[in-house]
Every structure is written in C-alpha cells, then in structure tokens.
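Coordinates as given in input.pdb (PDB, C-alpha atoms, pLDDT in the B column):
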```
MODEL        1
ATOM      1  CA  MET A1081      38.194  27.349  -6.630  1.00 72.00           C
ATOM      2  CA  ILE A1082      35.813  27.928  -3.742  1.00 75.00           C
ATOM      3  CA  LYS A1083      32.989  28.795  -6.138  1.00 69.00           C
ATOM      4  CA  ALA A1084      33.595  25.552  -8.032  1.00 64.00           C
ATOM      5  CA  ALA A1085      33.560  23.537  -4.806  1.00 60.00           C
ATOM      6  CA  LEU A1086      30.343  25.211  -3.692  1.00 58.00           C
ATOM      7  CA  SER A1087      28.770  24.554  -7.100  1.00 65.00           C
ATOM      8  CA  VAL A1088      29.667  20.869  -6.918  1.00 60.00           C
ATOM      9  CA  LEU A1089      28.346  20.680  -3.362  1.00 59.00           C
ATOM     10  CA  LEU A1090      25.076  22.317  -4.417  1.00 60.00           C
ATOM     11  CA  VAL A1091      24.651  19.896  -7.333  1.00 60.00           C
ATOM     12  CA  LEU A1092      25.335  16.908  -5.062  1.00 56.00           C
ATOM     13  CA  ALA A1093      22.810  18.167  -2.511  1.00 57.00           C
ATOM     14  CA  ALA A1094      20.166  18.595  -5.223  1.00 55.00           C
ATOM     15  CA  LEU A1095      20.813  15.115  -6.601  1.00 50.00           C
ATOM     16  CA  SER A1096      20.693  13.470  -3.193  1.00 54.00           C
ATOM     17  CA  SER A1097      17.327  15.082  -2.428  1.00 51.00           C
ATOM     18  CA  THR A1098      15.987  13.861  -5.783  1.00 50.00           C
ATOM     19  CA  PHE A1099      16.816  10.252  -4.967  1.00 54.00           C
ATOM     20  CA  ALA A1100      15.857  10.432  -1.299  1.00 58.00           C
ATOM     21  CA  LYS A1101      13.353   8.062   0.262  1.00 60.00           C
ATOM     22  CA  TYR A1102       9.809   9.344   0.789  1.00 61.00           C
ATOM     23  CA  ILE A1103       9.295  11.115   4.120  1.00 63.00           C
ATOM     24  CA  PRO A1104       5.728  12.068   5.134  1.00 63.00           C
ATOM     25  CA  LYS A1105       4.709  15.729   5.552  1.00 64.00           C
ATOM     26  CA  THR A1106       4.563  15.280   9.314  1.00 63.00           C
ATOM     27  CA  GLY A1107       8.239  14.312   9.367  1.00 62.00           C
ATOM     28  CA  LYS A1108      10.061  11.042   9.748  1.00 63.00           C
ATOM     29  CA  ARG A1109       8.121   8.561  11.834  1.00 57.00           C
ATOM     30  CA  ILE A1110       9.398   5.857  14.112  1.00 54.00           C
ATOM     31  CA  PRO A1111       9.235   2.524  12.242  1.00 54.00           C
ATOM     32  CA  GLN A1112       6.386   0.295  13.336  1.00 52.00           C
ATOM     33  CA  THR A1113       6.615  -3.450  13.600  1.00 74.00           C
ATOM     34  CA  LEU A1114       3.167  -3.584  11.981  1.00 89.00           C
ATOM     35  CA  SER A1115       4.732  -2.590   8.655  1.00 91.00           C
ATOM     36  CA  ARG A1116       6.645  -5.878   8.451  1.00 93.00           C
ATOM     37  CA  GLY A1117       8.936  -4.113   5.977  1.00 92.00           C
ATOM     38  CA  TRP A1118       6.195  -2.960   3.568  1.00 95.00           C
ATOM     39  CA  GLY A1119       6.604   0.728   4.410  1.00 93.00           C
ATOM     40  CA  ASP A1120       8.060   1.735   7.737  1.00 89.00           C
ATOM     41  CA  GLN A1121       6.941   5.357   7.334  1.00 89.00           C
ATOM     42  CA  LEU A1122       3.268   4.395   6.947  1.00 93.00           C
ATOM     43  CA  ILE A1123       0.791   4.088   9.793  1.00 92.00           C
ATOM     44  CA  TRP A1124      -0.597   0.547   9.602  1.00 96.00           C
ATOM     45  CA  ALA A1125      -3.852  -0.660  11.104  1.00 96.00           C
ATOM     46  CA  GLN A1126      -3.362  -3.505  13.552  1.00 94.00           C
ATOM     47  CA  THR A1127      -6.497  -5.512  12.734  1.00 94.00           C
ATOM     48  CA  TYR A1128      -9.098  -5.695   9.987  1.00 94.00           C
ATOM     49  CA  GLU A1129     -11.713  -4.224  12.343  1.00 94.00           C
ATOM     50  CA  GLU A1130      -9.433  -1.300  13.205  1.00 96.00           C
ATOM     51  CA  GLY A1131      -8.753  -0.742   9.492  1.00 96.00           C
ATOM     52  CA  LEU A1132     -12.495  -0.639   8.779  1.00 95.00           C
ATOM     53  CA  TYR A1133     -13.011   1.843  11.617  1.00 96.00           C
ATOM     54  CA  TRP A1134     -10.203   4.131  10.383  1.00 97.00           C
ATOM     55  CA  SER A1135     -11.482   3.865   6.810  1.00 96.00           C
ATOM     56  CA  ARG A1136     -14.981   4.904   7.819  1.00 95.00           C
ATOM     57  CA  SER A1137     -13.947   7.666  10.246  1.00 96.00           C
ATOM     58  CA  ARG A1138     -11.314   9.175   7.890  1.00 95.00           C
ATOM     59  CA  ASN A1139     -13.376   8.596   4.730  1.00 94.00           C
ATOM     60  CA  LYS A1140     -10.450   6.870   3.018  1.00 96.00           C
ATOM     61  CA  PRO A1141     -10.357   3.499   1.269  1.00 96.00           C
ATOM     62  CA  LEU A1142      -8.703   0.591   3.077  1.00 97.00           C
ATOM     63  CA  MET A1143      -6.036  -1.389   1.242  1.00 98.00           C
ATOM     64  CA  VAL A1144      -5.652  -4.920   2.616  1.00 97.00           C
ATOM     65  CA  LEU A1145      -2.452  -6.743   1.739  1.00 97.00           C
ATOM     66  CA  PHE A1146      -2.239 -10.484   2.382  1.00 96.00           C
ATOM     67  CA  HIS A1147       1.257 -11.990   2.406  1.00 96.00           C
ATOM     68  CA  LEU A1148       3.502 -14.529   4.104  1.00 95.00           C
ATOM     69  CA  GLU A1149       6.861 -13.716   5.685  1.00 92.00           C
ATOM     70  CA  ASP A1150       8.709 -16.573   3.951  1.00 93.00           C
ATOM     71  CA  CYS A1151       6.920 -16.573   0.563  1.00 95.00           C
ATOM     72  CA  PRO A1152       9.333 -15.701  -2.274  1.00 97.00           C
ATOM     73  CA  HIS A1153       6.564 -13.936  -4.227  1.00 96.00           C
ATOM     74  CA  SER A1154       5.619 -11.835  -1.180  1.00 96.00           C
ATOM     75  CA  LEU A1155       9.266 -10.972  -0.514  1.00 96.00           C
ATOM     76  CA  ALA A1156       9.840  -9.886  -4.126  1.00 97.00           C
ATOM     77  CA  LEU A1157       6.728  -7.678  -4.086  1.00 97.00           C
ATOM     78  CA  LYS A1158       7.670  -6.257  -0.662  1.00 96.00           C
ATOM     79  CA  LYS A1159      11.048  -5.075  -1.949  1.00 96.00           C
ATOM     80  CA  VAL A1160       9.555  -3.125  -4.871  1.00 96.00           C
ATOM     81  CA  PHE A1161       6.513  -1.974  -2.854  1.00 96.00           C
ATOM     82  CA  SER A1162       8.593  -0.497  -0.014  1.00 95.00           C
ATOM     83  CA  GLU A1163      11.021   1.275  -2.374  1.00 95.00           C
ATOM     84  CA  ASP A1164       8.451   2.962  -4.642  1.00 96.00           C
ATOM     85  CA  ASN A1165       8.144   6.560  -3.406  1.00 95.00           C
ATOM     86  CA  GLU A1166       4.989   7.363  -5.394  1.00 96.00           C
ATOM     87  CA  LEU A1167       3.203   4.317  -4.013  1.00 96.00           C
ATOM     88  CA  GLN A1168       4.312   5.047  -0.439  1.00 96.00           C
ATOM     89  CA  ARG A1169       3.228   8.705  -0.732  1.00 96.00           C
ATOM     90  CA  THR A1170      -0.194   7.770  -2.134  1.00 96.00           C
ATOM     91  CA  LEU A1171      -0.755   5.217   0.607  1.00 97.00           C
ATOM     92  CA  ASP A1172       0.291   7.678   3.304  1.00 96.00           C
ATOM     93  CA  GLU A1173      -1.923  10.503   2.077  1.00 95.00           C
ATOM     94  CA  ASP A1174      -4.994   8.744   0.683  1.00 96.00           C
ATOM     95  CA  PHE A1175      -5.398   5.254   2.198  1.00 97.00           C
ATOM     96  CA  VAL A1176      -5.743   3.292   5.377  1.00 97.00           C
ATOM     97  CA  VAL A1177      -3.370   0.335   5.113  1.00 97.00           C
ATOM     98  CA  LEU A1178      -3.374  -3.114   6.660  1.00 97.00           C
ATOM     99  CA  ASN A1179      -1.103  -6.060   5.999  1.00 94.00           C
ATOM    100  CA  LEU A1180      -2.032  -9.507   7.188  1.00 95.00           C
ATOM    101  CA  VAL A1181      -0.089 -12.744   7.420  1.00 93.00           C
ATOM    102  CA  TYR A1182      -3.268 -14.646   8.254  1.00 90.00           C
ATOM    103  CA  GLU A1183      -6.725 -14.918   6.739  1.00 87.00           C
ATOM    104  CA  THR A1184      -9.690 -13.041   8.176  1.00 84.00           C
ATOM    105  CA  THR A1185     -13.141 -14.440   8.860  1.00 84.00           C
ATOM    106  CA  ASP A1186     -14.591 -12.086   6.216  1.00 85.00           C
ATOM    107  CA  LYS A1187     -15.049 -14.305   3.163  1.00 89.00           C
ATOM    108  CA  HIS A1188     -15.472 -11.208   0.981  1.00 89.00           C
ATOM    109  CA  LEU A1189     -11.696 -10.717   1.272  1.00 91.00           C
ATOM    110  CA  SER A1190     -11.043 -13.977  -0.574  1.00 92.00           C
ATOM    111  CA  PRO A1191     -13.496 -13.827  -3.495  1.00 92.00           C
ATOM    112  CA  ASP A1192     -11.353 -16.069  -5.700  1.00 92.00           C
ATOM    113  CA  GLY A1193      -9.442 -18.061  -3.091  1.00 90.00           C
ATOM    114  CA  GLN A1194      -6.779 -17.679  -0.452  1.00 91.00           C
ATOM    115  CA  TYR A1195      -3.337 -17.042  -1.951  1.00 93.00           C
ATOM    116  CA  VAL A1196      -0.499 -14.586  -1.386  1.00 93.00           C
ATOM    117  CA  PRO A1197       0.412 -11.927  -2.155  1.00 96.00           C
ATOM    118  CA  ARG A1198      -3.116 -10.599  -2.591  1.00 95.00           C
ATOM    119  CA  ILE A1199      -4.296  -6.971  -2.431  1.00 97.00           C
ATOM    120  CA  LEU A1200      -7.910  -5.875  -2.074  1.00 97.00           C
ATOM    121  CA  PHE A1201      -9.557  -2.517  -1.509  1.00 97.00           C
ATOM    122  CA  VAL A1202     -12.457  -1.761   0.840  1.00 96.00           C
ATOM    123  CA  ASP A1203     -14.323   1.539   0.634  1.00 93.00           C
ATOM    124  CA  PRO A1204     -15.509   3.519   3.683  1.00 93.00           C
ATOM    125  CA  THR A1205     -18.986   2.003   3.364  1.00 91.00           C
ATOM    126  CA  MET A1206     -17.256  -1.332   4.161  1.00 91.00           C
ATOM    127  CA  THR A1207     -17.802  -2.681   0.655  1.00 92.00           C
ATOM    128  CA  VAL A1208     -15.025  -4.886  -0.698  1.00 94.00           C
ATOM    129  CA  ARG A1209     -14.095  -3.593  -4.151  1.00 94.00           C
ATOM    130  CA  ALA A1210     -14.029  -6.912  -5.986  1.00 92.00           C
ATOM    131  CA  ASP A1211     -14.123  -5.004  -9.283  1.00 93.00           C
ATOM    132  CA  ILE A1212     -10.604  -3.583  -8.757  1.00 95.00           C
ATOM    133  CA  ASN A1213      -8.226  -6.406  -9.616  1.00 92.00           C
ATOM    134  CA  GLY A1214      -4.856  -7.263 -11.078  1.00 94.00           C
ATOM    135  CA  ARG A1215      -3.955  -8.685 -14.476  1.00 93.00           C
ATOM    136  CA  TYR A1216      -4.395 -12.400 -13.818  1.00 93.00           C
ATOM    137  CA  SER A1217      -7.642 -14.255 -14.465  1.00 91.00           C
ATOM    138  CA  ASN A1218      -6.819 -17.179 -12.150  1.00 93.00           C
ATOM    139  CA  ARG A1219      -5.539 -14.984  -9.272  1.00 94.00           C
ATOM    140  CA  MET A1220      -7.483 -11.776  -9.749  1.00 95.00           C
ATOM    141  CA  TYR A1221      -5.998  -9.841  -6.818  1.00 96.00           C
ATOM    142  CA  ALA A1222      -2.373 -10.969  -7.153  1.00 96.00           C
ATOM    143  CA  TYR A1223       0.386  -8.520  -8.012  1.00 96.00           C
ATOM    144  CA  GLU A1224       3.995  -9.149  -8.966  1.00 95.00           C
ATOM    145  CA  PRO A1225       6.939  -6.728  -8.725  1.00 96.00           C
ATOM    146  CA  SER A1226       6.429  -5.761 -12.380  1.00 96.00           C
ATOM    147  CA  ASP A1227       2.786  -4.812 -11.615  1.00 96.00           C
ATOM    148  CA  ILE A1228       3.520  -1.743  -9.449  1.00 96.00           C
ATOM    149  CA  LYS A1229       2.210   0.671 -12.114  1.00 96.00           C
ATOM    150  CA  LEU A1230      -1.006  -1.377 -12.352  1.00 97.00           C
ATOM    151  CA  LEU A1231      -1.311  -1.290  -8.558  1.00 97.00           C
ATOM    152  CA  LEU A1232      -0.895   2.505  -8.598  1.00 97.00           C
ATOM    153  CA  SER A1233      -3.560   2.721 -11.303  1.00 96.00           C
ATOM    154  CA  ASN A1234      -5.902   0.536  -9.227  1.00 96.00           C
ATOM    155  CA  MET A1235      -5.263   2.746  -6.204  1.00 96.00           C
ATOM    156  CA  GLN A1236      -6.357   5.754  -8.271  1.00 95.00           C
ATOM    157  CA  LYS A1237      -9.504   3.819  -9.275  1.00 94.00           C
ATOM    158  CA  ALA A1238     -10.238   3.083  -5.614  1.00 95.00           C
ATOM    159  CA  LYS A1239      -9.955   6.801  -4.821  1.00 91.00           C
ATOM    160  CA  LYS A1240     -12.118   7.864  -7.785  1.00 82.00           C
ATOM    161  CA  LEU A1241     -14.812   5.295  -7.060  1.00 67.00           C
ATOM    162  CA  LEU A1242     -14.834   6.434  -3.470  1.00 60.00           C
ATOM    163  CA  LYS A1243     -15.512  10.038  -4.474  1.00 57.00           C
ATOM    164  CA  SER A1244     -18.122   9.241  -7.123  1.00 58.00           C
ATOM    165  CA  GLU A1245     -20.098   6.877  -4.886  1.00 55.00           C
ATOM    166  CA  LEU A1246     -20.360   8.957  -1.740  1.00 49.00           C
TER     167      LEU A1246
ENDMDL
END
```

Represent the structure of the file as structure tokens.
Amino acid sequence: MIKAALSVLLVLAALSSTFAKYIPKTGKRIPQTLSRGWGDQLIWAQTYEEGLYWSRSRNKPLMVLFHLEDCPHSLALKKVFSEDNELQRTLDEDFVVLNLVYETTDKHLSPDGQYVPRILFVDPTMTVRADINGRYSNRMYAYEPSDIKLLLSNMQKAKKLLKSEL
C-alpha cells in the first residue's frame, strides 16, 4: 500500500513539473511592473535607448513589442505570449525585451504604420530588422494569438541573422 502511494506521488510530482511555468536558470525573479503582464520572469528594458544599450553591450537582438493596455487584440496576444514556456525561455536567454504602450521618435520602428500589437526586432548594430515580419501584408509586424509559432520562427531568424552578420 505504501509503495503504491509513493508511486502515485512520484507520478504526480513528475506530471506537475512537466506542466510547470518557465522559471529562469537564475531562479524565480521578483515580478517587474515593466512586464505589464507579458512575462513577469523576464527582465524588461525600461526605455528604447536602454534596450539599444543592452542589445549592443550583451550582443543580443532587441525585441520591441508595441501594445495598448485596453486593446482586445493586445490582450489576446498577451495571454498566449505570457503562457508559452518556449517563447518565454527563448526571450530570457537570447533577447533583450522591451514593451511600449507609446510610440517612439524612431520612425524605423513603424515602417508600415503605427498599430498594435506590433513586434519588431533590432540587432546589436542598431539596425531595425524590417525583413523579419508576420503573415499579414497590410500589417507586416502584427501577430495574433494563433501566430505564436511564426513569432518563435521569426525569433530564430533574428538570432541566426545576428550571428551571420557579425
């Protein structure tokens, strides 16, 4: 009876760790208000200039996410974005991240207009990667909740381009 109980307990422990939320290698971090719910375990840049500095000094691409707090499209993407462990892990290990609820003065970050949600990548040489876009021709940098796999693929492209260009 005790062996059966221990077996069940072991199986439950293994299952719970399989479905656990992503926790960075450095351990659980205190949630930052800068995440705005997009990934509390990530370290977010506070400004575009700070993101560029971190990108250059750490030799990692910068992912800039434009959104609005009350936009239904942004909220839907946020839910899927924050719950995807693979995406959160990749961002934590390989990217500098910044989310903005306002537009920047850099017009390169709105090559096809100002809309939300919009995700662009900037390499450490401070070049906006306008060639890495989503699946829509009228909103080239827009992503929907169903586009998470495409976003992950584009993140891999941003990493590969970074390595082949430097």

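Applied to this file, the PyMOL selection byres ((chain A and resi 1155-1157) around 10) selects the residues Gly1117, Trp1118, His1147, Leu1148, Glu1149, Asp1150, Cys1151, Pro1152, His1153, Ser1154, Lys1158, Lys1159, Val1160, Phe1161, Ser1162, Pro1197, Tyr1223, Glu1224, Pro1225, Ser1226, Asp1227 and Ile1228 of chain A.
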
Would you mind exporting the chosen residues as a CSV table (one decimal), in the frame of the given file, restricted to C-alpha atoms?
```
chain,number,residue,atom,x,y,z
A,1117,GLY,CA,8.9,-4.1,6.0
A,1118,TRP,CA,6.2,-3.0,3.6
A,1147,HIS,CA,1.3,-12.0,2.4
A,1148,LEU,CA,3.5,-14.5,4.1
A,1149,GLU,CA,6.9,-13.7,5.7
A,1150,ASP,CA,8.7,-16.6,4.0
A,1151,CYS,CA,6.9,-16.6,0.6
A,1152,PRO,CA,9.3,-15.7,-2.3
A,1153,HIS,CA,6.6,-13.9,-4.2
A,1154,SER,CA,5.6,-11.8,-1.2
A,1158,LYS,CA,7.7,-6.3,-0.7
A,1159,LYS,CA,11.0,-5.1,-1.9
A,1160,VAL,CA,9.6,-3.1,-4.9
A,1161,PHE,CA,6.5,-2.0,-2.9
A,1162,SER,CA,8.6,-0.5,0.0
A,1197,PRO,CA,0.4,-11.9,-2.2
A,1223,TYR,CA,0.4,-8.5,-8.0
A,1224,GLU,CA,4.0,-9.1,-9.0
A,1225,PRO,CA,6.9,-6.7,-8.7
A,1226,SER,CA,6.4,-5.8,-12.4
A,1227,ASP,CA,2.8,-4.8,-11.6
A,1228,ILE,CA,3.5,-1.7,-9.4
```

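Take atom CA of A:Leu1189 and atom CA of A:Gln1121: the distance between them is 25.3 Å.
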
For the structure shown, which residues end up in the PyMOL selection byres ((chain A and resi 1163-1172) around 8)? Put them as JSON, numbers by chain, please? {"A": [1101, 1102, 1104, 1119, 1122, 1123, 1159, 1160, 1161, 1162, 1173, 1174, 1175, 1176, 1177, 1232]}

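When all atoms listed in the file are used to measure the gap to A:Ser1233, the shortest distance among A:Pro1141, A:Gly1214, A:Pro1191, A:Gly1131 belongs to A:Gly1214.
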
Pull the neighbourhood of (-6.4, -10.3, -2.1) for me: all residues within 8 Å in file coordinates, counting only C-alpha atoms, as a list in words. Val1144, Leu1145, Phe1146, Leu1189, Ser1190, Gln1194, Tyr1195, Val1196, Pro1197, Arg1198, Ile1199, Leu1200, Met1220, Tyr1221 and Ala1222 of chain A

Start from the incomplete input, build N, CA and C atoms for stretch 1121-1140 of chain A, and deliver everything as a JSON list (two decimals), keeping the file's coordinate frame.
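Ended up saving to rebuild35.json:
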```
[["chain", "number", "residue", "atom", "x", "y", "z"],
["A", 1121, "GLN", "N", 7.41, 4.00, 7.08],
["A", 1121, "GLN", "CA", 6.94, 5.36, 7.33],
["A", 1121, "GLN", "C", 5.41, 5.47, 7.30],
["A", 1122, "LEU", "N", 4.73, 4.38, 6.99],
["A", 1122, "LEU", "CA", 3.27, 4.39, 6.95],
["A", 1122, "LEU", "C", 2.70, 4.03, 8.31],
["A", 1123, "ILE", "N", 1.49, 4.48, 8.57],
["A", 1123, "ILE", "CA", 0.79, 4.09, 9.79],
["A", 1123, "ILE", "C", -0.14, 2.94, 9.42],
["A", 1124, "TRP", "N", 0.14, 1.77, 9.96],
["A", 1124, "TRP", "CA", -0.60, 0.55, 9.60],
["A", 1124, "TRP", "C", -1.66, 0.24, 10.65],
["A", 1125, "ALA", "N", -2.81, -0.18, 10.19],
["A", 1125, "ALA", "CA", -3.85, -0.66, 11.10],
["A", 1125, "ALA", "C", -3.39, -2.01, 11.68],
["A", 1126, "GLN", "N", -3.79, -2.28, 12.89],
["A", 1126, "GLN", "CA", -3.36, -3.50, 13.55],
["A", 1126, "GLN", "C", -4.26, -4.69, 13.20],
["A", 1127, "THR", "N", -5.55, -4.44, 13.04],
["A", 1127, "THR", "CA", -6.50, -5.51, 12.73],
["A", 1127, "THR", "C", -7.43, -5.06, 11.61],
["A", 1128, "TYR", "N", -8.13, -6.00, 11.04],
["A", 1128, "TYR", "CA", -9.10, -5.70, 9.99],
["A", 1128, "TYR", "C", -10.19, -4.77, 10.53],
["A", 1129, "GLU", "N", -10.66, -5.04, 11.74],
["A", 1129, "GLU", "CA", -11.71, -4.22, 12.34],
["A", 1129, "GLU", "C", -11.24, -2.79, 12.56],
["A", 1130, "GLU", "N", -9.99, -2.63, 13.02],
["A", 1130, "GLU", "CA", -9.43, -1.30, 13.20],
["A", 1130, "GLU", "C", -9.29, -0.59, 11.85],
["A", 1131, "GLY", "N", -8.86, -1.31, 10.83],
["A", 1131, "GLY", "CA", -8.75, -0.74, 9.49],
["A", 1131, "GLY", "C", -10.10, -0.26, 8.97],
["A", 1132, "LEU", "N", -11.15, -1.05, 9.19],
["A", 1132, "LEU", "CA", -12.50, -0.64, 8.78],
["A", 1132, "LEU", "C", -12.94, 0.62, 9.52],
["A", 1133, "TYR", "N", -12.65, 0.67, 10.81],
["A", 1133, "TYR", "CA", -13.01, 1.84, 11.62],
["A", 1133, "TYR", "C", -12.29, 3.09, 11.10],
["A", 1134, "TRP", "N", -10.97, 2.99, 10.89],
["A", 1134, "TRP", "CA", -10.20, 4.13, 10.38],
["A", 1134, "TRP", "C", -10.69, 4.55, 9.00],
["A", 1135, "SER", "N", -11.00, 3.57, 8.16],
["A", 1135, "SER", "CA", -11.48, 3.86, 6.81],
["A", 1135, "SER", "C", -12.77, 4.68, 6.87],
["A", 1136, "ARG", "N", -13.68, 4.23, 7.70],
["A", 1136, "ARG", "CA", -14.98, 4.90, 7.82],
["A", 1136, "ARG", "C", -14.83, 6.28, 8.46],
["A", 1137, "SER", "N", -14.06, 6.39, 9.53],
["A", 1137, "SER", "CA", -13.95, 7.67, 10.25],
["A", 1137, "SER", "C", -13.11, 8.69, 9.48],
["A", 1138, "ARG", "N", -12.16, 8.25, 8.66],
["A", 1138, "ARG", "CA", -11.31, 9.18, 7.89],
["A", 1138, "ARG", "C", -11.80, 9.34, 6.45],
["A", 1139, "ASN", "N", -12.82, 8.58, 6.09],
["A", 1139, "ASN", "CA", -13.38, 8.60, 4.73],
["A", 1139, "ASN", "C", -12.30, 8.33, 3.67],
["A", 1140, "LYS", "N", -11.50, 7.30, 3.95],
["A", 1140, "LYS", "CA", -10.45, 6.87, 3.02],
["A", 1140, "LYS", "C", -10.63, 5.39, 2.74]]
```
